[in-house]
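Participant: Just passing along the structure, written as structure tokens.
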2 protein chains.
Amino acid sequence: MTFERSPRIAVGPAPDERLVRAVTNGGGVPCDLGDAPDALIWTDGPDSFPDSLPLSVRWVQLPAAGVERWLSEGIIRANPQVTWTSAAGAYSAAVAEHALMLLLAGVRSLPAHLAATSWTPEAFYPTLGTLRGSTVGIIGAGGIGRALIPMLAALGAHALAVTRSGRPVPGAVETYPVERIDEIWPLADHFVVAAPSTTETEQLVGAAELAAMKPTAWVINVARGRLVDTDALVDALSQGSIAGAGLDVTDPEPLPDGHPLWSLPNAMITPHDSNPPAVRLPAYVDHVVENVTRFASGLDLVAAIDPSAGY
Amino acid sequence: MTFERSPRIAVGPAPDERLVRAVTNGGGVPCDLGDAPDALIWTDGPDSFPDSLPLSVRWVQLPAAGVERWLSEGIIRANPQVTWTSAAGAYSAAVAEHALMLLLAGVRSLPAHLAATSWTPEAFYPTLGTLRGSTVGIIGAGGIGRALIPMLAALGAHALAVTRSGRPVPGAVETYPVERIDEIWPLADHFVVAAPSTTETEQLVGAAELAAMKPTAWVINVARGRLVDTDALVDALSQGSIAGAGLDVTDPEPLPDGHPLWSLPNAMITPHDSNPPAVRLPAYVDHVVENVTRFASGLDLVAAIDPSAGY
């Protein structure tokens with residue numbers, strides 16, 4: 001699609017001025033949703049989304065990187081005439097940084113250190129490690145996984161990537177297709193789960209996978225809680241069959257008060273805040289400028305949603 | 001100095017077989033200290049060092065990166081005929097990784113997260129930050145500081161270095177000579193103290209410096225405790241005039257039980273274990289191979305100690 005004129009683009013339901021400016025900076029003309037816009041930059045979740053879109057709308061930009069609810073609740077399917085884009089990739093670096101933080105804190109036993117009230121270095125020596133020279137299995141090398149690889153490389157750690165296709169991921173020492181994923185569990189020193197949540201990836205990390213890991217392994221999940229079997233993880237952490245877990249996402253989520261994960265000393269929980277508002281908005285603004293520029297020029301949009309793939 | 005024959009090198013007091021192999025791999029011939037060695041690879045602290053060295057010894061390699069006690073107790077001065085080398089640089093990457101871990105954990109509020117037992121992301125939003133786009137003041141750009149800069153760069157953070165000379169440090173956005181250090185306190189977002197401990201650097205970070213920092217600043221010390229005024233730091237942390245501190249070294253050290261730093265929620269203490277034994281020995285072995293190779297070839301040794309500089 002190309003335009004004879006600048007595309008008219010609505011921002012809503014909350015027209016943050018930085019996003020309105022992003023529309024202008026990308027070559028669009030801000031307008032209201034009632035003014036027959038060509039596109040809609042959405043700023044909220046699915047609950048407040050309009051029941052029907054103006055027929056003029058040909059593109060909707062969503063603010064989330066994961067769009068399960070938009071798919072499962074049929075909103076995207078109800079508007080097949082529209083190109084839908086997510087914010088996949090926009091927050092990748094922030095989430096990758098969070099994953100690295102959890103992984104480093106685990107490998108260097110920060111939770112045990114923070115619980116200590118006495119100077120006892122020898123007590124920590126048996127569990128203290130380094131990322132240098134280690135291999136990190138990256139389950140799902142989309143935006144987050146790809147952003148993480150150079151961060152690991154700067155620390156002298158090696159990435160083993162697992163993707164659907166197995167096509168080599170830049171910077172990874174080796175890339176495995178998902179059919180060969182079982183090879184990676186005993187091989188890598190640590191794991192970062194960064195795959196989209198689909199029916200195929202549900203409980204990808206279960207009891208058998210945890211049992212196959214090294215006892216020194218840390219498992220970090222920054223993707224979606226359902227990719228990990230929570231009960232199996234609690235068992236593995238309780239028994240010490242792995243070293244620990246760092247979870248920005250859980251299943252169930254929110255994690256209820258009193259859940260065993262809250263009290264396990266080798267579980268680090270961050271409540272899905274790897275990409276907090278102060279970090280998120282500037283990244284979404286950049287993403288919107290990019291896609292408005294492409295929309296105005298008739299170019300392919302970044303992070304187009306493929307309903308059949310589930311992301 | 002050059003050799004007609006392979007140099008004879010003693011390893012002691014504990015002749016770890018990996019270090020003995022390092023001597024061989026570097027082109028030396030392992031021998032005992034009583035057998036008139038040309039050099040000594042030391043494996044312990046100063047307390048067990050021999051009162052007098054065989055006159056044949058022309059080089060002593062020490063296993064520590066910081067050698068204050070070797071200097072202050074006069075051991076190095078008592079043997080001026082010997083070239084002394086430290087392990088400065090050998091452990092830089094390990095300590096830099098630890099500094100990055102503490103900095104990331106601080107910026108992303110891990111201590112508060114680990115104390116939580118309920119899913120309350122909004123409670124963390126006001127303090128959650130990112131290293132991306134931030135500036136990190138690196139006080140002392142020796143081996144540790146220089147190892148840290150590319151790690152920060154991979155996370156999109158910018159290094160401001162402070163060195164004695166102010167000569168540009170590779171990778172730093174700007175390098176300040178120590179005379180201009182006061183410019184950096186209000187300017188950088190966070191600080192990593194990585195300077196050697198000398199009379200000039202004692203209490204380099206005191207009450208005035210802490211007061212000049214941003215209230216969101218994290219201060220990480222992986223060098224020596226005496227570089228930071230502990231009482232002033234406790235005051236700043238208690239009053240929240242900075243965000244927090246991550247300390248691998250303290251003054252006094254060991255930090256006594258009951259010290260306020262143990263209970264401040266925004267202080268992270270690791271008991272000088274950024275470079276634990278499992279990480280340290282492989283790095284020392286590499287360093288010994290390098291210096292034995294240089295010694296056998298008559299080349300300048302790495303990390304020669306300059307008693308007048310104090311490191």
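Lettering and numbering for the structure tokens are positional, with chains as A, B, ... in the shown order, residues counted from 1 in each chain, and ligands counted from 1 in the shown order.
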Within 7 Å of segment 227-248 of chain B, which residues of segment 253-304 of chain B show up? Give each one with its shortest atom-to-atom distance in Å (one decimal) and the two atoms involved, counting only C-alpha atoms, rows by chain then rising residue number, as a Markdown table.

Facilitator:
| residue | atom | partner | partner_atom | distance |
| --- | --- | --- | --- | --- |
| B:Leu261 | CA | B:Val234 | CA | 6.7 |
| B:Asn266 | CA | B:Gly244 | CA | 4.7 |
| B:Ala267 | CA | B:Ala245 | CA | 4.9 |
| B:Met268 | CA | B:Gly246 | CA | 4.6 |
| B:Ile269 | CA | B:Leu247 | CA | 5.0 |
| B:Thr270 | CA | B:Asp248 | CA | 4.6 |
| B:Pro271 | CA | B:Asp248 | CA | 5.6 |
| B:His272 | CA | B:Asp248 | CA | 4.7 |
| B:Asp273 | CA | B:Asp248 | CA | 6.8 |
| B:Ser274 | CA | B:Asp248 | CA | 6.7 |

Participant: With N, CA, C and O atoms retained, export the selected residues as a PDB file, in the first residue's frame.

Facilitator:
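The resulting file, out-v4.pdb, is shown below:
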ATOM      1  N   LEU B 261      26.003  -1.862  57.569  1.00  0.00           N
ATOM      2  CA  LEU B 261      25.931  -2.251  56.152  1.00  0.00           C
ATOM      3  C   LEU B 261      25.248  -3.607  55.954  1.00  0.00           C
ATOM      4  O   LEU B 261      24.677  -3.871  54.903  1.00  0.00           O
ATOM      5  N   ASN B 266      19.513  -1.329  50.919  1.00  0.00           N
ATOM      6  CA  ASN B 266      20.107  -0.899  49.651  1.00  0.00           C
ATOM      7  C   ASN B 266      21.627  -1.062  49.618  1.00  0.00           C
ATOM      8  O   ASN B 266      22.300  -0.449  48.796  1.00  0.00           O
ATOM      9  N   ALA B 267      22.139  -1.929  50.501  1.00  0.00           N
ATOM     10  CA  ALA B 267      23.562  -2.297  50.442  1.00  0.00           C
ATOM     11  C   ALA B 267      23.663  -3.782  50.109  1.00  0.00           C
ATOM     12  O   ALA B 267      23.028  -4.611  50.747  1.00  0.00           O
ATOM     13  N   MET B 268      24.423  -4.085  49.075  1.00  0.00           N
ATOM     14  CA  MET B 268      24.710  -5.481  48.720  1.00  0.00           C
ATOM     15  C   MET B 268      26.162  -5.757  49.086  1.00  0.00           C
ATOM     16  O   MET B 268      27.058  -5.060  48.602  1.00  0.00           O
ATOM     17  N   ILE B 269      26.381  -6.743  49.943  1.00  0.00           N
ATOM     18  CA  ILE B 269      27.736  -7.082  50.385  1.00  0.00           C
ATOM     19  C   ILE B 269      28.119  -8.453  49.828  1.00  0.00           C
ATOM     20  O   ILE B 269      27.391  -9.422  50.012  1.00  0.00           O
ATOM     21  N   THR B 270      29.258  -8.523  49.166  1.00  0.00           N
ATOM     22  CA  THR B 270      29.853  -9.820  48.830  1.00  0.00           C
ATOM     23  C   THR B 270      31.239  -9.814  49.470  1.00  0.00           C
ATOM     24  O   THR B 270      31.980  -8.835  49.324  1.00  0.00           O
ATOM     25  N   PRO B 271      31.581 -10.864  50.219  1.00  0.00           N
ATOM     26  CA  PRO B 271      32.796 -10.809  51.059  1.00  0.00           C
ATOM     27  C   PRO B 271      34.093 -11.046  50.271  1.00  0.00           C
ATOM     28  O   PRO B 271      34.748 -12.055  50.440  1.00  0.00           O
ATOM     29  N   HIS B 272      34.448 -10.062  49.449  1.00  0.00           N
ATOM     30  CA  HIS B 272      35.703 -10.110  48.680  1.00  0.00           C
ATOM     31  C   HIS B 272      35.824 -11.442  47.945  1.00  0.00           C
ATOM     32  O   HIS B 272      36.890 -12.078  47.951  1.00  0.00           O
ATOM     33  N   ASP B 273      34.737 -11.856  47.323  1.00  0.00           N
ATOM     34  CA  ASP B 273      34.749 -13.141  46.613  1.00  0.00           C
ATOM     35  C   ASP B 273      34.400 -12.972  45.138  1.00  0.00           C
ATOM     36  O   ASP B 273      33.868 -13.879  44.506  1.00  0.00           O
ATOM     37  N   SER B 274      34.742 -11.797  44.580  1.00  0.00           N
ATOM     38  CA  SER B 274      34.495 -11.583  43.150  1.00  0.00           C
ATOM     39  C   SER B 274      35.365 -12.487  42.304  1.00  0.00           C
ATOM     40  O   SER B 274      35.094 -12.694  41.125  1.00  0.00           O
TER      41      SER B 274
END

Participant: Could you tell me, as a list in words, which residues of segment 9-75 of chain A DSSP assigns to strand (DSSP E or B) when given the backbone?

Facilitator: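 Answer for segment 9-75 of chain A, restricted to strand (DSSP E or B): Ile9, Ala10, Val11, Gly12, Val29, Pro30, Cys31, Ala39, Leu40, Ile41, Trp42, Trp59, Val60 and Gln61 of chain A.
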
Participant: Write the residues of the preceding selection, restricted to all heavy atoms, as a compact mmCIF listing (two decimals), in the first residue's frame.

Facilitator:
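Produced file part.txt, reproduced below:
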# COMPACT_ATOMS: atom_id res chain seq x y z
N ILE A 9 -3.33 8.95 11.11
CA ILE A 9 -3.07 7.92 12.12
C ILE A 9 -3.58 8.35 13.49
O ILE A 9 -3.22 9.43 13.98
CB ILE A 9 -1.56 7.58 12.18
CG1 ILE A 9 -1.09 7.07 10.81
CG2 ILE A 9 -1.28 6.56 13.28
CD1 ILE A 9 0.36 6.68 10.73
N ALA A 10 -4.43 7.50 14.08
CA ALA A 10 -4.97 7.77 15.42
C ALA A 10 -4.09 7.12 16.48
O ALA A 10 -3.52 6.04 16.25
CB ALA A 10 -6.40 7.25 15.53
N VAL A 11 -3.99 7.75 17.62
CA VAL A 11 -3.27 7.19 18.77
C VAL A 11 -4.28 7.07 19.91
O VAL A 11 -4.94 8.06 20.27
CB VAL A 11 -2.10 8.09 19.21
CG1 VAL A 11 -1.43 7.52 20.47
CG2 VAL A 11 -1.09 8.24 18.09
N GLY A 12 -4.44 5.85 20.46
CA GLY A 12 -5.43 5.74 21.53
C GLY A 12 -5.35 4.40 22.22
O GLY A 12 -4.60 3.53 21.79
N VAL A 29 -0.10 11.93 9.87
CA VAL A 29 -0.87 13.06 10.39
C VAL A 29 -1.77 12.55 11.52
O VAL A 29 -2.63 11.69 11.28
CB VAL A 29 -1.76 13.68 9.29
CG1 VAL A 29 -2.64 14.79 9.88
CG2 VAL A 29 -0.89 14.22 8.17
N PRO A 30 -1.55 13.00 12.74
CA PRO A 30 -2.37 12.52 13.85
C PRO A 30 -3.83 12.92 13.66
O PRO A 30 -4.13 14.03 13.19
CB PRO A 30 -1.77 13.24 15.08
CG PRO A 30 -0.40 13.68 14.64
CD PRO A 30 -0.51 13.94 13.18
N CYS A 31 -4.74 12.00 13.99
CA CYS A 31 -6.17 12.32 13.93
C CYS A 31 -6.88 11.48 14.98
O CYS A 31 -6.26 10.65 15.65
CB CYS A 31 -6.73 12.04 12.54
SG CYS A 31 -6.83 10.27 12.16
N ALA A 39 -4.73 4.27 10.06
CA ALA A 39 -4.05 3.36 10.99
C ALA A 39 -4.33 3.78 12.42
O ALA A 39 -4.77 4.91 12.68
CB ALA A 39 -2.55 3.35 10.72
N LEU A 40 -4.06 2.84 13.33
CA LEU A 40 -4.30 3.08 14.75
C LEU A 40 -3.08 2.62 15.54
O LEU A 40 -2.64 1.47 15.40
CB LEU A 40 -5.54 2.30 15.20
CG LEU A 40 -5.83 2.24 16.72
CD1 LEU A 40 -6.04 3.64 17.29
CD2 LEU A 40 -7.06 1.35 16.98
N ILE A 41 -2.52 3.51 16.34
CA ILE A 41 -1.44 3.16 17.26
C ILE A 41 -2.10 2.92 18.61
O ILE A 41 -2.57 3.88 19.25
CB ILE A 41 -0.40 4.30 17.38
CG1 ILE A 41 0.08 4.76 16.00
CG2 ILE A 41 0.76 3.87 18.28
CD1 ILE A 41 0.78 3.71 15.18
N TRP A 42 -2.16 1.67 19.04
CA TRP A 42 -2.88 1.35 20.27
C TRP A 42 -1.95 1.45 21.47
O TRP A 42 -0.75 1.13 21.36
CB TRP A 42 -3.48 -0.06 20.16
CG TRP A 42 -4.49 -0.37 21.22
CD1 TRP A 42 -4.41 -1.32 22.19
CD2 TRP A 42 -5.77 0.27 21.41
NE1 TRP A 42 -5.54 -1.32 22.97
CE2 TRP A 42 -6.39 -0.34 22.52
CE3 TRP A 42 -6.42 1.33 20.76
CZ2 TRP A 42 -7.64 0.05 22.99
CZ3 TRP A 42 -7.67 1.71 21.22
CH2 TRP A 42 -8.27 1.08 22.33
N TRP A 59 -4.13 -0.66 9.27
CA TRP A 59 -3.01 -1.13 10.09
C TRP A 59 -3.27 -0.78 11.55
O TRP A 59 -3.69 0.34 11.85
CB TRP A 59 -1.70 -0.48 9.62
CG TRP A 59 -0.55 -0.59 10.59
CD1 TRP A 59 -0.16 -1.71 11.26
CD2 TRP A 59 0.34 0.46 11.00
NE1 TRP A 59 0.92 -1.43 12.07
CE2 TRP A 59 1.26 -0.11 11.93
CE3 TRP A 59 0.46 1.81 10.67
CZ2 TRP A 59 2.27 0.64 12.53
CZ3 TRP A 59 1.47 2.55 11.27
CH2 TRP A 59 2.37 1.96 12.19
N VAL A 60 -3.03 -1.75 12.43
CA VAL A 60 -3.10 -1.49 13.88
C VAL A 60 -1.77 -1.90 14.51
O VAL A 60 -1.31 -3.04 14.33
CB VAL A 60 -4.24 -2.26 14.56
CG1 VAL A 60 -4.22 -2.02 16.08
CG2 VAL A 60 -5.59 -1.85 13.99
N GLN A 61 -1.18 -0.97 15.24
CA GLN A 61 0.07 -1.23 15.97
C GLN A 61 -0.29 -1.49 17.44
O GLN A 61 -0.91 -0.64 18.07
CB GLN A 61 1.00 -0.02 15.86
CG GLN A 61 2.23 -0.07 16.76
CD GLN A 61 3.20 -1.16 16.37
OE1 GLN A 61 3.64 -1.21 15.23
NE2 GLN A 61 3.52 -2.05 17.30

Participant: Residues of chain B were defined as contacting chain A if any atom lay at most 8 Å from it, counting only C-alpha atoms; please report them as a PDB file with N, CA and C atoms, in the first residue's frame.

Facilitator:
ATOM      1  N   ALA B  93      38.946  -9.666  34.356  1.00  0.00           N
ATOM      2  CA  ALA B  93      37.656  -9.983  33.740  1.00  0.00           C
ATOM      3  C   ALA B  93      36.688 -10.545  34.770  1.00  0.00           C
ATOM      4  N   ALA B  94      37.195 -11.378  35.689  1.00  0.00           N
ATOM      5  CA  ALA B  94      36.323 -11.951  36.713  1.00  0.00           C
ATOM      6  C   ALA B  94      35.765 -10.865  37.620  1.00  0.00           C
ATOM      7  N   GLU B  97      33.243  -8.695  35.770  1.00  0.00           N
ATOM      8  CA  GLU B  97      31.954  -9.397  35.680  1.00  0.00           C
ATOM      9  C   GLU B  97      31.170  -9.244  36.984  1.00  0.00           C
ATOM     10  N   HIS B  98      31.880  -9.366  38.096  1.00  0.00           N
ATOM     11  CA  HIS B  98      31.234  -9.216  39.407  1.00  0.00           C
ATOM     12  C   HIS B  98      30.691  -7.794  39.579  1.00  0.00           C
ATOM     13  N   MET B 101      27.604  -7.458  37.600  1.00  0.00           N
ATOM     14  CA  MET B 101      26.510  -8.155  38.277  1.00  0.00           C
ATOM     15  C   MET B 101      25.907  -7.273  39.359  1.00  0.00           C
ATOM     16  N   LEU B 102      26.766  -6.698  40.200  1.00  0.00           N
ATOM     17  CA  LEU B 102      26.257  -5.850  41.285  1.00  0.00           C
ATOM     18  C   LEU B 102      25.543  -4.610  40.729  1.00  0.00           C
ATOM     19  N   LEU B 104      24.057  -4.186  37.734  1.00  0.00           N
ATOM     20  CA  LEU B 104      22.776  -4.568  37.121  1.00  0.00           C
ATOM     21  C   LEU B 104      21.741  -4.903  38.188  1.00  0.00           C
ATOM     22  N   ALA B 105      22.160  -5.660  39.208  1.00  0.00           N
ATOM     23  CA  ALA B 105      21.229  -6.039  40.273  1.00  0.00           C
ATOM     24  C   ALA B 105      20.721  -4.797  40.991  1.00  0.00           C
ATOM     25  N   ARG B 108      18.330  -2.665  38.619  1.00  0.00           N
ATOM     26  CA  ARG B 108      17.049  -3.356  38.399  1.00  0.00           C
ATOM     27  C   ARG B 108      16.417  -3.835  39.720  1.00  0.00           C
ATOM     28  N   LEU B 110      17.098  -5.684  42.321  1.00  0.00           N
ATOM     29  CA  LEU B 110      16.994  -7.081  42.721  1.00  0.00           C
ATOM     30  C   LEU B 110      16.874  -7.264  44.239  1.00  0.00           C
ATOM     31  N   PRO B 111      17.618  -6.506  45.061  1.00  0.00           N
ATOM     32  CA  PRO B 111      17.456  -6.713  46.508  1.00  0.00           C
ATOM     33  C   PRO B 111      16.003  -6.556  46.971  1.00  0.00           C
ATOM     34  N   HIS B 113      13.337  -6.922  45.158  1.00  0.00           N
ATOM     35  CA  HIS B 113      12.574  -8.044  44.599  1.00  0.00           C
ATOM     36  C   HIS B 113      12.744  -9.303  45.447  1.00  0.00           C
ATOM     37  N   LEU B 114      13.983  -9.573  45.870  1.00  0.00           N
ATOM     38  CA  LEU B 114      14.222 -10.813  46.615  1.00  0.00           C
ATOM     39  C   LEU B 114      13.560 -10.770  47.988  1.00  0.00           C
ATOM     40  N   ALA B 116      10.633  -9.444  48.481  1.00  0.00           N
ATOM     41  CA  ALA B 116       9.175  -9.430  48.307  1.00  0.00           C
ATOM     42  C   ALA B 116       8.591 -10.840  48.389  1.00  0.00           C
ATOM     43  N   THR B 117       7.368 -10.942  48.886  1.00  0.00           N
ATOM     44  CA  THR B 117       6.660 -12.227  48.917  1.00  0.00           C
ATOM     45  C   THR B 117       5.272 -12.075  48.297  1.00  0.00           C
ATOM     46  N   SER B 118       5.128 -11.050  47.463  1.00  0.00           N
ATOM     47  CA  SER B 118       3.845 -10.802  46.817  1.00  0.00           C
ATOM     48  C   SER B 118       4.109 -10.167  45.446  1.00  0.00           C
ATOM     49  N   TRP B 119       3.198 -10.383  44.505  1.00  0.00           N
ATOM     50  CA  TRP B 119       3.359  -9.947  43.110  1.00  0.00           C
ATOM     51  C   TRP B 119       2.893  -8.503  42.977  1.00  0.00           C
ATOM     52  N   THR B 120       3.824  -7.560  43.126  1.00  0.00           N
ATOM     53  CA  THR B 120       3.457  -6.145  43.127  1.00  0.00           C
ATOM     54  C   THR B 120       4.373  -5.340  42.201  1.00  0.00           C
ATOM     55  N   PRO B 121       4.234  -5.527  40.881  1.00  0.00           N
ATOM     56  CA  PRO B 121       5.147  -4.813  39.970  1.00  0.00           C
ATOM     57  C   PRO B 121       5.127  -3.303  40.168  1.00  0.00           C
ATOM     58  N   TYR B 125       8.141  -0.098  40.096  1.00  0.00           N
ATOM     59  CA  TYR B 125       8.292   0.796  38.941  1.00  0.00           C
ATOM     60  C   TYR B 125       9.077   2.076  39.252  1.00  0.00           C
ATOM     61  N   LEU B 128      12.874   1.128  39.182  1.00  0.00           N
ATOM     62  CA  LEU B 128      13.458   0.274  38.156  1.00  0.00           C
ATOM     63  C   LEU B 128      14.102   1.089  37.057  1.00  0.00           C
ATOM     64  N   GLY B 129      15.332   0.748  36.736  1.00  0.00           N
ATOM     65  CA  GLY B 129      16.032   1.434  35.665  1.00  0.00           C
ATOM     66  C   GLY B 129      16.645   0.452  34.691  1.00  0.00           C
ATOM     67  N   THR B 130      17.475   0.983  33.843  1.00  0.00           N
ATOM     68  CA  THR B 130      18.188   0.171  32.860  1.00  0.00           C
ATOM     69  C   THR B 130      19.590   0.747  32.714  1.00  0.00           C
ATOM     70  N   ARG B 132      20.993   0.633  29.816  1.00  0.00           N
ATOM     71  CA  ARG B 132      21.006   1.147  28.443  1.00  0.00           C
ATOM     72  C   ARG B 132      20.881   2.658  28.436  1.00  0.00           C
ATOM     73  N   PRO B 150      34.031  -2.799  27.700  1.00  0.00           N
ATOM     74  CA  PRO B 150      33.290  -3.468  26.621  1.00  0.00           C
ATOM     75  C   PRO B 150      32.039  -4.208  27.110  1.00  0.00           C
ATOM     76  N   MET B 151      32.030  -4.637  28.362  1.00  0.00           N
ATOM     77  CA  MET B 151      30.820  -5.264  28.903  1.00  0.00           C
ATOM     78  C   MET B 151      29.693  -4.239  28.974  1.00  0.00           C
ATOM     79  N   ALA B 154      28.343  -3.400  25.499  1.00  0.00           N
ATOM     80  CA  ALA B 154      27.417  -4.398  24.955  1.00  0.00           C
ATOM     81  C   ALA B 154      26.005  -4.197  25.495  1.00  0.00           C
ATOM     82  N   LEU B 155      25.882  -3.512  26.633  1.00  0.00           N
ATOM     83  CA  LEU B 155      24.572  -3.226  27.215  1.00  0.00           C
ATOM     84  C   LEU B 155      24.090  -1.819  26.861  1.00  0.00           C
ATOM     85  N   PRO B 254      37.574  -7.969  57.363  1.00  0.00           N
ATOM     86  CA  PRO B 254      36.167  -8.322  57.162  1.00  0.00           C
ATOM     87  C   PRO B 254      35.216  -7.372  57.870  1.00  0.00           C
ATOM     88  N   LEU B 255      34.048  -7.185  57.273  1.00  0.00           N
ATOM     89  CA  LEU B 255      33.020  -6.347  57.890  1.00  0.00           C
ATOM     90  C   LEU B 255      32.500  -7.067  59.134  1.00  0.00           C
ATOM     91  N   PRO B 256      32.575  -6.390  60.304  1.00  0.00           N
ATOM     92  CA  PRO B 256      32.182  -7.105  61.528  1.00  0.00           C
ATOM     93  C   PRO B 256      30.678  -7.392  61.594  1.00  0.00           C
ATOM     94  N   ASP B 257      30.336  -8.478  62.275  1.00  0.00           N
ATOM     95  CA  ASP B 257      28.927  -8.779  62.508  1.00  0.00           C
ATOM     96  C   ASP B 257      28.255  -7.577  63.161  1.00  0.00           C
ATOM     97  N   GLY B 258      27.027  -7.315  62.766  1.00  0.00           N
ATOM     98  CA  GLY B 258      26.269  -6.228  63.372  1.00  0.00           C
ATOM     99  C   GLY B 258      26.526  -4.869  62.753  1.00  0.00           C
ATOM    100  N   TRP B 262      25.314  -4.481  56.973  1.00  0.00           N
ATOM    101  CA  TRP B 262      24.675  -5.795  56.831  1.00  0.00           C
ATOM    102  C   TRP B 262      23.149  -5.683  56.755  1.00  0.00           C
ATOM    103  N   SER B 263      22.601  -4.641  57.368  1.00  0.00           N
ATOM    104  CA  SER B 263      21.135  -4.598  57.451  1.00  0.00           C
ATOM    105  C   SER B 263      20.492  -3.531  56.566  1.00  0.00           C
ATOM    106  N   MET B 268      24.423  -4.085  49.075  1.00  0.00           N
ATOM    107  CA  MET B 268      24.710  -5.481  48.720  1.00  0.00           C
ATOM    108  C   MET B 268      26.162  -5.757  49.086  1.00  0.00           C
ATOM    109  N   ILE B 269      26.381  -6.743  49.943  1.00  0.00           N
ATOM    110  CA  ILE B 269      27.736  -7.082  50.385  1.00  0.00           C
ATOM    111  C   ILE B 269      28.119  -8.453  49.828  1.00  0.00           C
ATOM    112  N   THR B 270      29.258  -8.523  49.166  1.00  0.00           N
ATOM    113  CA  THR B 270      29.853  -9.820  48.830  1.00  0.00           C
ATOM    114  C   THR B 270      31.239  -9.814  49.470  1.00  0.00           C
ATOM    115  N   PRO B 271      31.581 -10.864  50.219  1.00  0.00           N
ATOM    116  CA  PRO B 271      32.796 -10.809  51.059  1.00  0.00           C
ATOM    117  C   PRO B 271      34.093 -11.046  50.271  1.00  0.00           C
ATOM    118  N   HIS B 272      34.448 -10.062  49.449  1.00  0.00           N
ATOM    119  CA  HIS B 272      35.703 -10.110  48.680  1.00  0.00           C
ATOM    120  C   HIS B 272      35.824 -11.442  47.945  1.00  0.00           C
ATOM    121  N   ASP B 273      34.737 -11.856  47.323  1.00  0.00           N
ATOM    122  CA  ASP B 273      34.749 -13.141  46.613  1.00  0.00           C
ATOM    123  C   ASP B 273      34.400 -12.972  45.138  1.00  0.00           C
ATOM    124  N   PRO B 276      36.647 -15.930  43.110  1.00  0.00           N
ATOM    125  CA  PRO B 276      36.753 -17.086  44.010  1.00  0.00           C
ATOM    126  C   PRO B 276      37.725 -18.136  43.475  1.00  0.00           C
ATOM    127  N   PRO B 277      38.162 -19.065  44.338  1.00  0.00           N
ATOM    128  CA  PRO B 277      39.194 -20.027  43.947  1.00  0.00           C
ATOM    129  C   PRO B 277      38.918 -20.749  42.637  1.00  0.00           C
ATOM    130  N   ALA B 278      37.684 -21.167  42.427  1.00  0.00           N
ATOM    131  CA  ALA B 278      37.389 -21.940  41.218  1.00  0.00           C
ATOM    132  C   ALA B 278      37.590 -21.111  39.955  1.00  0.00           C
ATOM    133  N   VAL B 279      37.475 -19.787  40.099  1.00  0.00           N
ATOM    134  CA  VAL B 279      37.657 -18.880  38.969  1.00  0.00           C
ATOM    135  C   VAL B 279      39.110 -18.409  38.896  1.00  0.00           C
TER     136      VAL B 279
END

Participant: I'd like the interatomic distance between atom CA of Asp300 of chain B and atom CA of Ser6 of chain B, to a tenth of an Å.

Facilitator: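 About the pair atom CA of Asp300 of chain B and atom CA of Ser6 of chain B: they are 16.7 Å apart.
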
Participant: Between atom CA of Gly26 of chain B and atom CA of Arg280 of chain B, measure the distance and give it in Å to one decimal.

Facilitator: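 Computing the Euclidean distance for atom CA of Gly26 of chain B and atom CA of Arg280 of chain B yields 18.9 Å.
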
Participant: Extract the full set of alpha helix (DSSP H) residues from segment 46-232 of chain B according to DSSP on the backbone, and format it as a PyMOL selection string.

Facilitator: chain B and resi 68-72+92-107+110-115+121-124+143-154+207-212+230-232

Participant: Which is closest to Pro196 of chain A among A:Gly145, A:Gly140, A:Pro37, A:Pro252, if we use only C-alpha atoms?

Facilitator: A:Gly140

Participant: Considering only C-alpha atoms, can you say which of A:Ala159, A:Val23, A:Val178, A:Leu55 comes closest to Glu200 of chain A?

Facilitator: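 For Glu200 of chain A, the nearest of the given residues is A:Val178.
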
Participant: Expressed in Å to a single decimal, how great is the separation between atom CA of Arg146 of chain A and atom CA of Met213 of chain A?

Facilitator: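 Interatomic distance here is 22.7 Å.
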
Participant: Rank A:Gly45, A:Pro13, A:Gly143, A:Pro50 by their smallest atom-to-atom distance to Ala223 of chain A, using only C-alpha atoms, and report the top residue only.

Facilitator: A:Gly143
